[in-house]
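Enquirer: Sharing a structure here in structure tokens format.
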Amino acid sequence: ETGVTQTPRHLVMGMTNKKSLKCEQHLGHNAMYWYKQSAKKPLELMFVYSLEERVENNSVPSRFSPECPNSSHLFLHLHTLQPEDSALYLCASSQALGDRGFGNTIYFGEGSWLTVV
Amino acid sequence: TQLLEQSPQFLSIQEGENLTVYCNSSSVFSSLQWYRQEPGEGPVLLVTVVTGGEVKKLKRLTFQFGDARKDSSLHITAAQPGDTGLYLCAGASNAGNMLTFGGGTRLMVKP
């Protein structure tokens, strides 16, 4: 069983659509992440949740809206996206330590390929 | 902001050749991870190194953490087409800090 599961694996959406990416982790972790990976840039951290509270938002446009209802689930709600938002969106999880620390090993899902047309 | 620079960015070699990938920074890291990402998949952890000078081996892969914990290398012996993928290094500045990722090295091993 894959530790971190993402759905859908592929998504094509128009610029006026609203869609959501879903992530579920089965590792007993309590920190979850969204990363963006595009062809010409390194992995970009978008959002981090630790113990269900958002602890970091790296200046991501408001057309991306995360939701973390519990420590096992993470969503990324998408609306009014632009073609340049087309990328692989990776969910990951790790242990959360005290004082907003993190276990230094993170485990990735297989990613959701997003194409905005 | 800490930066991790990986080199080379791209590498195309023939099956059976050896190669080394480098991960360098001016910052000290408490630990460093190497991940491999195959096309269409998410990154998968290969190894974590923690101690300066540490060497870890994973079959034909040898990972080394620099003595000063600022750099790391990955050496692959007798590369195979199955080694093809994107190799990412990631470091944590202190225990419990979030990881900083390098830009990756895209390796292609031709049969």
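Quick note on naming: the chains in the structure tokens go A, B, ... in the order shown, residues restart at 1 in each chain, and ligands are numbered from 1 in order of appearance.
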Give the helix (DSSP H, G or I) residues of stretch 14-103 of chain A, as assigned by DSSP on the backbone, as JSON, numbers by chain.

Expert: {"A": [83, 84, 85, 98, 99, 100]}

Enquirer: Can you write out the residues you just picked, keeping all heavy atoms, as a PDB file, in the first residue's frame?

Expert:
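Wrote it out as result.pdb, contents follow:
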```pdb
ATOM      1  N   PRO A  83      -2.628  29.114 -17.297  1.00  0.00           N
ATOM      2  CA  PRO A  83      -1.858  28.057 -17.966  1.00  0.00           C
ATOM      3  C   PRO A  83      -0.500  27.810 -17.319  1.00  0.00           C
ATOM      4  O   PRO A  83      -0.033  26.660 -17.286  1.00  0.00           O
ATOM      5  CB  PRO A  83      -1.724  28.579 -19.402  1.00  0.00           C
ATOM      6  CG  PRO A  83      -2.954  29.406 -19.603  1.00  0.00           C
ATOM      7  CD  PRO A  83      -3.198  30.072 -18.271  1.00  0.00           C
ATOM      8  N   GLU A  84       0.120  28.843 -16.773  1.00  0.00           N
ATOM      9  CA  GLU A  84       1.441  28.669 -16.142  1.00  0.00           C
ATOM     10  C   GLU A  84       1.360  27.886 -14.832  1.00  0.00           C
ATOM     11  O   GLU A  84       2.403  27.529 -14.248  1.00  0.00           O
ATOM     12  CB  GLU A  84       2.122  30.024 -15.890  1.00  0.00           C
ATOM     13  CG  GLU A  84       1.347  30.973 -15.010  1.00  0.00           C
ATOM     14  CD  GLU A  84       0.502  31.963 -15.800  1.00  0.00           C
ATOM     15  OE1 GLU A  84       0.072  31.627 -16.933  1.00  0.00           O
ATOM     16  OE2 GLU A  84       0.278  33.068 -15.269  1.00  0.00           O
ATOM     17  N   ASP A  85       0.149  27.613 -14.370  1.00  0.00           N
ATOM     18  CA  ASP A  85      -0.018  26.772 -13.184  1.00  0.00           C
ATOM     19  C   ASP A  85       0.060  25.290 -13.519  1.00  0.00           C
ATOM     20  O   ASP A  85       0.049  24.441 -12.610  1.00  0.00           O
ATOM     21  CB  ASP A  85      -1.359  27.065 -12.499  1.00  0.00           C
ATOM     22  CG  ASP A  85      -1.448  28.485 -11.985  1.00  0.00           C
ATOM     23  OD1 ASP A  85      -0.415  28.995 -11.481  1.00  0.00           O
ATOM     24  OD2 ASP A  85      -2.533  29.087 -12.088  1.00  0.00           O
ATOM     25  N   GLY A  98       7.859  18.864  18.291  1.00  0.00           N
ATOM     26  CA  GLY A  98       7.443  19.966  19.139  1.00  0.00           C
ATOM     27  C   GLY A  98       7.973  21.287  18.639  1.00  0.00           C
ATOM     28  O   GLY A  98       8.935  21.353  17.889  1.00  0.00           O
ATOM     29  N   ASP A  99       7.329  22.369  19.015  1.00  0.00           N
ATOM     30  CA  ASP A  99       7.754  23.726  18.654  1.00  0.00           C
ATOM     31  C   ASP A  99       7.878  23.895  17.145  1.00  0.00           C
ATOM     32  O   ASP A  99       8.831  24.513  16.651  1.00  0.00           O
ATOM     33  CB  ASP A  99       9.086  24.086  19.321  1.00  0.00           C
ATOM     34  CG  ASP A  99       8.973  24.107  20.834  1.00  0.00           C
ATOM     35  OD1 ASP A  99       7.908  24.530  21.323  1.00  0.00           O
ATOM     36  OD2 ASP A  99       9.917  23.690  21.505  1.00  0.00           O
ATOM     37  N   ARG A 100       6.930  23.351  16.432  1.00  0.00           N
ATOM     38  CA  ARG A 100       6.869  23.495  14.969  1.00  0.00           C
ATOM     39  C   ARG A 100       8.091  22.920  14.274  1.00  0.00           C
ATOM     40  O   ARG A 100       8.493  23.390  13.212  1.00  0.00           O
ATOM     41  CB  ARG A 100       6.676  24.963  14.567  1.00  0.00           C
ATOM     42  CG  ARG A 100       5.325  25.511  14.985  1.00  0.00           C
ATOM     43  CD  ARG A 100       5.025  26.829  14.327  1.00  0.00           C
ATOM     44  NE  ARG A 100       3.653  27.234  14.583  1.00  0.00           N
ATOM     45  CZ  ARG A 100       3.087  28.320  14.121  1.00  0.00           C
ATOM     46  NH1 ARG A 100       3.788  29.115  13.338  1.00  0.00           N
ATOM     47  NH2 ARG A 100       1.848  28.628  14.392  1.00  0.00           N
TER      48      ARG A 100
END
```

Enquirer: Set out as CSV a contact list for chain A and chain B with a cut-off of 10 Å, giving each residue of chain A that qualifies its closest atom pair and distance in Å to one decimal, counting only C-alpha atoms, ordered by chain and rising residue number.

Expert:
```
residue,atom,partner,partner_atom,distance
A:Val4,CA,B:Gly42,CA,9.9
A:Arg9,CA,B:Gly40,CA,9.4
A:Gln37,CA,B:Gly42,CA,9.9
A:Lys40,CA,B:Gly103,CA,9.1
A:Lys41,CA,B:Gly103,CA,7.0
A:Pro42,CA,B:Gly103,CA,4.5
A:Leu43,CA,B:Phe101,CA,6.6
A:Glu44,CA,B:Phe101,CA,8.5
A:Leu45,CA,B:Thr100,CA,9.1
A:Val48,CA,B:Met98,CA,9.5
A:Leu88,CA,B:Gly40,CA,8.8
A:Tyr89,CA,B:Gly42,CA,9.3
A:Leu90,CA,B:Gly42,CA,6.8
A:Cys91,CA,B:Gly42,CA,8.7
A:Ala92,CA,B:Gly42,CA,9.2
A:Ser94,CA,B:Met98,CA,9.8
A:Gln95,CA,B:Gly96,CA,9.3
A:Ala96,CA,B:Gly96,CA,8.2
A:Leu97,CA,B:Gly96,CA,6.7
A:Gly98,CA,B:Gly96,CA,8.6
A:Asp99,CA,B:Gly96,CA,9.0
A:Arg100,CA,B:Gly96,CA,7.9
A:Gly101,CA,B:Gly96,CA,4.2
A:Phe102,CA,B:Gly96,CA,4.3
A:Gly103,CA,B:Gly96,CA,5.5
A:Asn104,CA,B:Gly96,CA,6.1
A:Thr105,CA,B:Gln33,CA,7.5
A:Ile106,CA,B:Leu45,CA,8.0
A:Tyr107,CA,B:Val44,CA,7.1
A:Phe108,CA,B:Gly42,CA,5.8
A:Gly109,CA,B:Gly42,CA,5.5
A:Glu110,CA,B:Gly42,CA,4.1
A:Gly111,CA,B:Gly42,CA,5.6
A:Ser112,CA,B:Glu41,CA,9.2
A:Trp113,CA,B:Gly40,CA,8.4
```

Enquirer: From a DSSP calculation on the backbone, collect every residue of chain A in strand (DSSP E or B) and output the set as a VMD selection string.

Expert: chain A and resid 4 to 7 10 to 13 18 to 25 31 to 37 44 to 50 53 to 57 64 to 70 73 to 79 87 to 94 96 102 107 to 108 112 to 116

Enquirer: Would you list the contacts of stretch 52-56 of chain B as a list in words, taking every protein, DNA or RNA residue within 8 Å and counting only C-alpha atoms, but skipping same-chain residues closer than 6 positions in sequence?

Expert: Thr62, Phe63, Gln64, Phe65, Gly66, Asp67, Ala68 and Arg69 of chain B

Enquirer: As a list in words, please: the residues near A:Ala31 (cut-off 7 Å, only C-alpha atoms, same-chain neighbours under 2 positions excluded).

Expert: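 Selected residues are His29, Tyr33, Tyr49, Ser50, Leu51, Ser71, Ser93, Ser94, Gln95 and Ala96 of chain A.
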
Enquirer: Any chance you could export the current selection's all heavy atoms as a short mmCIF file (atom, residue, chain, number, x, y, z; two decimals), in the first residue's frame?

Expert:
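That gives us again.cif:
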```cif
data_model
loop_
_atom_site.label_atom_id
_atom_site.label_comp_id
_atom_site.auth_asym_id
_atom_site.auth_seq_id
_atom_site.Cartn_x
_atom_site.Cartn_y
_atom_site.Cartn_z
N HIS A 29 1.67 10.08 10.17
CA HIS A 29 2.34 11.37 10.29
C HIS A 29 1.35 12.47 10.68
O HIS A 29 0.13 12.30 10.55
CB HIS A 29 2.99 11.75 8.96
CG HIS A 29 4.16 10.87 8.62
ND1 HIS A 29 4.65 10.76 7.33
CD2 HIS A 29 4.95 10.10 9.38
CE1 HIS A 29 5.69 9.94 7.33
NE2 HIS A 29 5.89 9.52 8.56
N TYR A 33 2.28 18.40 3.35
CA TYR A 33 2.84 19.44 2.51
C TYR A 33 2.22 19.39 1.11
O TYR A 33 1.89 18.31 0.61
CB TYR A 33 4.35 19.23 2.32
CG TYR A 33 5.16 19.01 3.57
CD1 TYR A 33 5.10 17.81 4.27
CD2 TYR A 33 6.03 20.00 4.03
CE1 TYR A 33 5.86 17.60 5.40
CE2 TYR A 33 6.81 19.79 5.16
CZ TYR A 33 6.72 18.59 5.84
OH TYR A 33 7.48 18.38 6.97
N TYR A 49 1.18 22.05 6.64
CA TYR A 49 0.31 21.93 7.79
C TYR A 49 0.99 21.03 8.81
O TYR A 49 1.51 19.96 8.48
CB TYR A 49 -1.03 21.31 7.41
CG TYR A 49 -2.01 22.28 6.81
CD1 TYR A 49 -1.94 22.62 5.45
CD2 TYR A 49 -3.00 22.86 7.58
CE1 TYR A 49 -2.83 23.52 4.90
CE2 TYR A 49 -3.91 23.75 7.03
CZ TYR A 49 -3.82 24.08 5.70
OH TYR A 49 -4.70 24.98 5.15
N SER A 50 0.98 21.48 10.05
CA SER A 50 1.50 20.68 11.15
C SER A 50 0.42 20.58 12.20
O SER A 50 -0.08 21.62 12.65
CB SER A 50 2.76 21.32 11.72
OG SER A 50 3.21 20.60 12.85
N LEU A 51 0.06 19.38 12.56
CA LEU A 51 -1.01 19.16 13.54
C LEU A 51 -2.27 19.92 13.14
O LEU A 51 -2.92 20.57 13.96
CB LEU A 51 -0.54 19.58 14.94
CG LEU A 51 0.70 18.82 15.44
CD1 LEU A 51 1.22 19.42 16.73
CD2 LEU A 51 0.37 17.35 15.63
N SER A 71 -5.27 15.09 10.31
CA SER A 71 -3.84 14.86 10.06
C SER A 71 -3.57 13.88 8.93
O SER A 71 -2.44 13.76 8.47
CB SER A 71 -3.16 14.36 11.34
OG SER A 71 -3.75 13.15 11.76
N SER A 93 4.24 13.95 3.39
CA SER A 93 3.97 13.96 4.82
C SER A 93 5.24 13.64 5.60
O SER A 93 6.21 13.09 5.05
CB SER A 93 2.87 12.95 5.18
OG SER A 93 3.34 11.62 5.04
N SER A 94 5.24 14.02 6.86
CA SER A 94 6.37 13.72 7.74
C SER A 94 5.86 13.78 9.18
O SER A 94 4.72 14.16 9.44
CB SER A 94 7.52 14.71 7.54
OG SER A 94 7.21 15.96 8.15
N GLN A 95 6.75 13.45 10.09
CA GLN A 95 6.42 13.66 11.49
C GLN A 95 6.48 15.14 11.81
O GLN A 95 7.31 15.87 11.25
CB GLN A 95 7.42 12.92 12.39
CG GLN A 95 7.34 11.41 12.32
CD GLN A 95 6.05 10.86 12.89
OE1 GLN A 95 5.25 11.60 13.47
NE2 GLN A 95 5.82 9.58 12.72
N ALA A 96 5.65 15.59 12.69
CA ALA A 96 5.74 16.96 13.22
C ALA A 96 6.30 16.84 14.63
O ALA A 96 5.85 16.02 15.42
CB ALA A 96 4.38 17.62 13.24
#
```

Enquirer: Quick check, in Å to one decimal: how far apart do atom CA of B:Thr51 and atom CA of B:Pro8 lie?

Expert: 24.4 Å

Enquirer: Which neighbours of B:Ser26 fall inside 9 Å, counting only C-alpha atoms, when residues of the same chain fewer than 4 positions from it are skipped, and could you give them as a PDB file with C-alpha atoms, in the first residue's frame?

Expert:
```pdb
ATOM      1  CA  GLN B   2      19.802  28.331   2.124  1.00  0.00           C
ATOM      2  CA  LEU B   3      20.607  27.087  -1.333  1.00  0.00           C
ATOM      3  CA  LEU B   4      21.552  23.635  -2.458  1.00  0.00           C
ATOM      4  CA  LYS B  70      27.988  21.374   3.589  1.00  0.00           C
ATOM      5  CA  ASP B  71      28.078  19.039   0.648  1.00  0.00           C
TER       6      ASP B  71
END
```

Enquirer: If I take atom CA of A:Asn17 and atom CA of A:His77, how far is one from the other in Å, to one decimal?

Expert: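 Calculated distance between atom CA of A:Asn17 and atom CA of A:His77 is 10.7 Å.
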
Enquirer: Between A:Ser86, A:Thr16, A:Asn57, A:Asn30, which one has atoms that come closest to A:Pro69, using only C-alpha atoms?

Expert: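 When distances to A:Pro69 are compared using only C-alpha atoms, the smallest one comes from A:Asn30.
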
Enquirer: So that I can check the surroundings of B:Pro81, please list as a list in words every protein, DNA and RNA residue that reaches within 7 Å of it, counting only C-alpha atoms and ignoring chain neighbours fewer than 4 positions away.

Expert: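 Listing them by chain and then by number gives Glu15, Val109, Lys110 and Pro111 of chain B.
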
Enquirer: What does the distance between atom CA of B:Leu74 and atom CA of A:Gly3 come to in Å, to one decimal place?

Expert: 25.7 Å
